[in-house]
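See structure below.
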Amino acid sequence: MDFFTHFGRYLLMIKGMFTKPENMRLYWKELMHQCNEIGVRSIGIVVIISVFLGAVTTVQTAYQLITPLIPKTVIAVIVRDNIILELAPTLICVVLAGVVGSRIASELGNMRISEQIDALEIMGINTKAYLIMPKIVAALLVVPCLVVLAAVLGIWGGKVAGGLSGILPAEIYNDGLLEDFIPYNVFFALSKTYTYSFIISSIPAYYGYHVQGGSLEIGRAGTKSVIVSCILILLADYALAALLL
Amino acid sequence: MIEINNIHKGFNGKTVIDNVSAVLETGKCNLIIGASGSGKTVLMKCLVGLFEPDEGEVLYDGESITSMNEDGRKQLRQQIGMLFQGSALFDSMTVEQNVMFPLDMFTNLNQKQKLEKVNQVLARVNLTAANQKFPSEISGGMKKRVGIARAIVLNPKFLFCDEPNSGLDPKTSLVIDKLIKEITIEFGMTTVVNTHDMNSVMEIGDKIIFMHEGHKEWEGSNKDIIFSKNQELNKFIFASEFLQDAKEMRMMEAKGKISEDRRSPS
């Protein structure tokens, strides 16, 4: 199937989500459930990745800037800006595209194959609104929180690594963090995060919702959704950098 | 009552349902039978609105589902219950939560009232000790019964069952058939069953529509199906020698009964 068919079906899916909920209480319950699935269940991996990300960035930056002409606070500046601008939003969202995206695609794919989606349709429930909308809204709510957490932990990881390896004392690192801080960078990072959140929830939902065939196709839908989400994240990364910076 | 008027449905240029018309009667078990690939499931999905027919219309008590807007369909679908081939129970919910789900979504009953209703329906399908079990913890026959309980919990006017006996042993199949027949009469529903199980046909087929290669080949009841002279239908029904023998015995019995009847008045 060509790109335009997929794109058209994707847009129709998004449009189909905007109807009056049959029962607000159950939609709220589903939203909370998805916040837990997407957010709380991803905290562990986000913590591990972001701490090591900060640590590695500090060590590698120090390795490249080993000259007495550049003050050591620059290492902290580079680590901070790298993490806020790129590593926390983009890398964490790429990881979440794998973790959360494959889960969304396989959940919906399994529901489609086992006729659970048909069962909901027969009951008179708008399945796009009930199954997909809460996932997207939950991602928009919790992924930015995860990225902020990742940024904080990444910067902290850099500080710990700098101290432990003797590259950079904590006081100098702290001074560097306050040097030339541009608050707009945080706004830019959050703009990217909201865009990625939409991508990593809606693309897998599209592939999962439209699965046809058997269990093999569920796996394929999961893989495809992760690949497409990652490519779209990178494209959006470049587009937003070109537009907003 | 459901009226099917000249339904036509195809996929990728291939006709799957070709000009099918029928009337499915209230308070009866209407069976759609046919070999695998004959178009039974597609026809049923057209009936419930999961597929849009390319031509023709489906009327529910005189109202066409094909020309209804989304709100109209939503209203109608609350009067429809469906049992799916694989039961289609929600994996993440217990039996009780599965059956309660339509009540949660569409009624304003309090928790106690909902629980009473759920227990009442589960008792009706003879399933009383499985409320807290998950679908993965119960047998195929129990899943079908939970599926039926969920389908009838809102007291629907129309019940659709897609291959209710698939994957079940003959004894459990009979239990499910009996249950479908009983609740059809009890609730005064229009029941439509897709099957290729001849036991079901003979057991509950008040009205039978035989599908062959996408079109309606034959229509009648379980009383006259065995005497039908339709070649395709006979090929389908008497696919095994055992059934062929059974047919001959039935016909001999019938002939004997007729001659006995003729003799008795004289």
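In the structure tokens, chains take letters A, B, ... by order of appearance, with residues numbered from 1 within each chain and ligands from 1 in the order shown.
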
Picked from region 27-203 of chain B by DSSP as strand (DSSP E or B), as a PDB file with C-alpha atoms, in the first residue's frame:
ATOM      1  CA  CYS B  29     -33.009 -19.130  15.671  1.00  0.00           C
ATOM      2  CA  ASN B  30     -32.082 -18.141  12.147  1.00  0.00           C
ATOM      3  CA  LEU B  31     -29.094 -20.155  10.955  1.00  0.00           C
ATOM      4  CA  ILE B  32     -26.725 -19.178   8.191  1.00  0.00           C
ATOM      5  CA  ILE B  33     -24.920 -22.324   7.129  1.00  0.00           C
ATOM      6  CA  GLU B  55     -25.077  -2.742  -2.717  1.00  0.00           C
ATOM      7  CA  GLY B  56     -28.346  -3.506  -0.952  1.00  0.00           C
ATOM      8  CA  GLU B  57     -29.548  -2.787   2.543  1.00  0.00           C
ATOM      9  CA  VAL B  58     -30.211  -4.372   5.925  1.00  0.00           C
ATOM     10  CA  LEU B  59     -33.392  -3.382   7.756  1.00  0.00           C
ATOM     11  CA  TYR B  60     -33.783  -3.756  11.513  1.00  0.00           C
ATOM     12  CA  GLU B  63     -34.986   0.797   9.678  1.00  0.00           C
ATOM     13  CA  SER B  64     -32.021   0.563   7.368  1.00  0.00           C
ATOM     14  CA  ILE B  80     -27.480  -5.940  19.431  1.00  0.00           C
ATOM     15  CA  GLY B  81     -25.530  -8.618  21.246  1.00  0.00           C
ATOM     16  CA  MET B  82     -22.896 -10.692  19.552  1.00  0.00           C
ATOM     17  CA  LEU B  83     -21.040 -13.857  20.418  1.00  0.00           C
ATOM     18  CA  PHE B 158     -30.997  -9.068  18.274  1.00  0.00           C
ATOM     19  CA  LEU B 159     -28.394 -11.740  19.031  1.00  0.00           C
ATOM     20  CA  PHE B 160     -25.696 -12.750  16.576  1.00  0.00           C
ATOM     21  CA  CYS B 161     -23.529 -15.822  17.123  1.00  0.00           C
ATOM     22  CA  ASP B 162     -20.573 -16.433  14.831  1.00  0.00           C
ATOM     23  CA  THR B 190     -34.102 -12.333  16.719  1.00  0.00           C
ATOM     24  CA  THR B 191     -31.152 -14.709  16.816  1.00  0.00           C
ATOM     25  CA  VAL B 192     -28.815 -15.226  13.898  1.00  0.00           C
ATOM     26  CA  VAL B 193     -26.285 -18.049  14.096  1.00  0.00           C
ATOM     27  CA  ASN B 194     -23.441 -18.712  11.672  1.00  0.00           C
ATOM     28  CA  THR B 195     -22.485 -22.344  11.714  1.00  0.00           C
TER      29      THR B 195
END

task = Find the residues near Glu116 (chain B): any atom within 12 Å, counting only C-alpha atoms, skip ones fewer than 4 places away on the same chain, and give them as a list in words.
result = Glu96, Val99, Met100, Leu103, Leu109, Asn110, Gln111, Lys112, Gln120, Val121, Leu122, Ala123 and Val153 of chain B

Output N, CA and C atoms for every residue in that selection, as a PDB file, in the first residue's frame.
ATOM      1  N   GLU B  96     -16.361 -11.335  35.532  1.00  0.00           N
ATOM      2  CA  GLU B  96     -17.349 -10.375  36.055  1.00  0.00           C
ATOM      3  C   GLU B  96     -17.223  -9.011  35.373  1.00  0.00           C
ATOM      4  N   VAL B  99     -18.534  -9.054  31.746  1.00  0.00           N
ATOM      5  CA  VAL B  99     -20.000  -9.013  31.618  1.00  0.00           C
ATOM      6  C   VAL B  99     -20.535  -7.652  32.070  1.00  0.00           C
ATOM      7  N   MET B 100     -19.828  -7.062  33.036  1.00  0.00           N
ATOM      8  CA  MET B 100     -20.287  -5.771  33.567  1.00  0.00           C
ATOM      9  C   MET B 100     -19.965  -4.593  32.623  1.00  0.00           C
ATOM     10  N   LEU B 103     -22.717  -2.693  30.962  1.00  0.00           N
ATOM     11  CA  LEU B 103     -23.519  -1.979  31.975  1.00  0.00           C
ATOM     12  C   LEU B 103     -22.787  -0.727  32.433  1.00  0.00           C
ATOM     13  N   LEU B 109     -26.725   2.425  36.441  1.00  0.00           N
ATOM     14  CA  LEU B 109     -26.966   1.586  37.629  1.00  0.00           C
ATOM     15  C   LEU B 109     -25.809   1.736  38.612  1.00  0.00           C
ATOM     16  N   ASN B 110     -26.127   1.579  39.907  1.00  0.00           N
ATOM     17  CA  ASN B 110     -25.030   1.622  40.885  1.00  0.00           C
ATOM     18  C   ASN B 110     -24.334   0.250  40.926  1.00  0.00           C
ATOM     19  N   GLN B 111     -23.216   0.194  41.627  1.00  0.00           N
ATOM     20  CA  GLN B 111     -22.380  -1.010  41.615  1.00  0.00           C
ATOM     21  C   GLN B 111     -23.160  -2.250  42.062  1.00  0.00           C
ATOM     22  N   LYS B 112     -24.000  -2.065  43.091  1.00  0.00           N
ATOM     23  CA  LYS B 112     -24.757  -3.208  43.631  1.00  0.00           C
ATOM     24  C   LYS B 112     -25.736  -3.742  42.576  1.00  0.00           C
ATOM     25  N   GLN B 120     -27.008 -12.462  37.836  1.00  0.00           N
ATOM     26  CA  GLN B 120     -28.241 -13.029  37.282  1.00  0.00           C
ATOM     27  C   GLN B 120     -27.970 -13.610  35.879  1.00  0.00           C
ATOM     28  N   VAL B 121     -27.256 -12.850  35.057  1.00  0.00           N
ATOM     29  CA  VAL B 121     -26.984 -13.304  33.681  1.00  0.00           C
ATOM     30  C   VAL B 121     -26.010 -14.493  33.689  1.00  0.00           C
ATOM     31  N   LEU B 122     -25.007 -14.411  34.572  1.00  0.00           N
ATOM     32  CA  LEU B 122     -24.053 -15.528  34.650  1.00  0.00           C
ATOM     33  C   LEU B 122     -24.750 -16.793  35.136  1.00  0.00           C
ATOM     34  N   ALA B 123     -25.699 -16.638  36.050  1.00  0.00           N
ATOM     35  CA  ALA B 123     -26.466 -17.804  36.507  1.00  0.00           C
ATOM     36  C   ALA B 123     -27.303 -18.356  35.358  1.00  0.00           C
ATOM     37  N   VAL B 153     -26.535  -9.104  28.390  1.00  0.00           N
ATOM     38  CA  VAL B 153     -26.670  -8.374  29.659  1.00  0.00           C
ATOM     39  C   VAL B 153     -27.496  -7.087  29.522  1.00  0.00           C
TER      40      VAL B 153
END

key: For CA of Gly16 (chain A) and CA of Val95 (chain A), the interatomic separation in Å (one decimal)   =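 About the pair CA of Gly16 (chain A) and CA of Val95 (chain A): they are 28.3 Å apart.
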
key: Selected residue of minimal separation from Glu217 (chain B) among B:Leu47, B:Glu182, B:Ile204, B:Phe236, counting only C-alpha atoms   =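 Among the listed residues, the smallest separation from Glu217 (chain B) belongs to B:Phe236.
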
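Omitting Pro71 (chain A) and its sequence neighbours fewer than 2 positions away, and counting only C-alpha atoms, the residues within 12 Å are Ala62, Leu65, Ile66, Thr67, Pro68, Leu69, Thr73, Val74, Ile75, Ala76, Val77, Ile78, Leu168, Ile172, Tyr173, Asp175, Gly176 and Glu179 of chain A.
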
Go ahead and save the picked residues with C-alpha atoms, as a compact mmCIF listing (two decimals), in the first residue's frame.
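out_35.txt, written as the output of this step:
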# COMPACT_ATOMS: atom_id res chain seq x y z
CA ALA A 62 36.26 15.98 28.98
CA LEU A 65 38.45 19.20 25.63
CA ILE A 66 41.67 18.33 27.41
CA THR A 67 43.49 21.64 27.01
CA PRO A 68 44.32 24.25 29.66
CA LEU A 69 42.97 27.02 27.39
CA THR A 73 33.15 24.64 33.44
CA VAL A 74 32.65 24.35 29.66
CA ILE A 75 32.32 20.58 30.10
CA ALA A 76 29.27 21.11 32.31
CA VAL A 77 27.85 23.67 29.86
CA ILE A 78 28.18 21.19 26.98
CA LEU A 168 35.63 17.60 37.19
CA ILE A 172 33.09 23.47 39.07
CA TYR A 173 30.38 21.34 37.46
CA ASP A 175 29.24 26.59 38.29
CA GLY A 176 29.24 25.38 34.69
CA GLU A 179 26.87 29.52 33.04

task = Starting from chain A, keep only residues with some atom at most 6 Å from an atom of chain B, counting only C-alpha atoms, and report them as a list in words.
result = Asn23, Ser114, Glu115, Gln116, Ile122, Met123 and Gly124 of chain A

Proximity to Ser21 (chain B) - best of B:Ser228, B:His215, B:Met1, B:Gln132, only C-alpha atoms =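 Selected residue with least distance to Ser21 (chain B): B:His215.
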
query = What is the CA of Lys181 (chain B) to CA of Met68 (chain B) distance in Å?
reply = 29.9 Å

request  = Check the smallest atom-to-atom distance from each of A:Leu240, A:Ile155, A:Val160, A:Val143 to Val100 (chain A) using only C-alpha atoms, then report the winner.
outcome  = A:Val143

request  = For CA of Met111 (chain A) and CA of Ala130 (chain B), quote the distance in Å rounded to one decimal.
outcome  =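 Here the two named atoms are 22.5 Å from each other.
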
key: Shell around Tyr194 (chain A) at 9 Å using only C-alpha atoms, local window under 2 positions removed, as a PyMOL selection string   = chain A and resi 139-141+143-144+189-192+196-199

Write the residues of the selection above to a file with C-alpha atoms, as a PDB file, in the first residue's frame.
ATOM      1  CA  ALA A 139       1.589  10.028  26.156  1.00  0.00           C
ATOM      2  CA  LEU A 140       1.196  13.802  25.858  1.00  0.00           C
ATOM      3  CA  LEU A 141       0.824  14.010  29.639  1.00  0.00           C
ATOM      4  CA  VAL A 143       6.264  11.583  28.257  1.00  0.00           C
ATOM      5  CA  PRO A 144       7.228  15.249  28.908  1.00  0.00           C
ATOM      6  CA  ALA A 189      13.093  20.674  24.325  1.00  0.00           C
ATOM      7  CA  LEU A 190       9.498  20.499  25.522  1.00  0.00           C
ATOM      8  CA  SER A 191       8.184  21.458  22.056  1.00  0.00           C
ATOM      9  CA  LYS A 192      10.155  18.555  20.635  1.00  0.00           C
ATOM     10  CA  TYR A 196       7.551  13.056  19.717  1.00  0.00           C
ATOM     11  CA  SER A 197       4.919  12.032  22.268  1.00  0.00           C
ATOM     12  CA  PHE A 198       2.260  12.322  19.603  1.00  0.00           C
ATOM     13  CA  ILE A 199       4.382  10.323  17.163  1.00  0.00           C
TER      14      ILE A 199
END

request  = Kindly indicate which residue among B:Pro156, B:Gly10, B:Gly220, B:Gly62 lies nearest to Glu186 (chain B), using only C-alpha atoms for the distances.
outcome  =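 For Glu186 (chain B), the nearest of the given residues is B:Pro156.
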
request  = Could you give me, as a PyMOL selection string, the residues within 8 Å of Asp54 (chain B), counting only C-alpha atoms and dropping anything in the same chain fewer than 5 positions from it?
outcome  = chain B and resi 7-10

Mind dumping the selected residues with N, CA and C atoms as a PDB file, in the first residue's frame?
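Contents of the output file selection.pdb:
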ATOM      1  N   ILE B   7     -28.096  -7.869  -0.807  1.00  0.00           N
ATOM      2  CA  ILE B   7     -26.758  -7.491  -0.341  1.00  0.00           C
ATOM      3  C   ILE B   7     -25.696  -8.004  -1.304  1.00  0.00           C
ATOM      4  N   HIS B   8     -24.760  -7.118  -1.584  1.00  0.00           N
ATOM      5  CA  HIS B   8     -23.624  -7.487  -2.432  1.00  0.00           C
ATOM      6  C   HIS B   8     -22.363  -6.938  -1.772  1.00  0.00           C
ATOM      7  N   LYS B   9     -21.342  -7.795  -1.639  1.00  0.00           N
ATOM      8  CA  LYS B   9     -20.088  -7.323  -1.037  1.00  0.00           C
ATOM      9  C   LYS B   9     -18.897  -8.019  -1.702  1.00  0.00           C
ATOM     10  N   GLY B  10     -17.903  -7.223  -2.027  1.00  0.00           N
ATOM     11  CA  GLY B  10     -16.694  -7.793  -2.630  1.00  0.00           C
ATOM     12  C   GLY B  10     -15.445  -7.180  -2.015  1.00  0.00           C
TER      13      GLY B  10
END

For Ile84 (chain A): contacts at 10 Å, only C-alpha atoms, fewer than 6 positions along chain excluded, given as a ChimeraX atom specification = /A:78,90,147-148,150-152,154-155,185-190

inquiry  = I need the residues in region 53-195 of chain B that are helix (DSSP H, G or I) according to DSSP; give them as a ChimeraX atom specification.
reply    = /B:70-77,95-106,111-124,135-137,140-152,170-187

inquiry  = Which residues are near region 40-51 of chain A? Cut-off 6 Å, only C-alpha atoms, ignore same chain within fewer than 2 positions. Put them as a ChimeraX atom specification.
reply    = /A:36-37,53-54,150,153-154,157

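With distances restricted to only C-alpha atoms, B:Val201 is the closest residue to Lys178 (chain B) from B:Ser166, B:Ile152, B:Val201, B:Met93.
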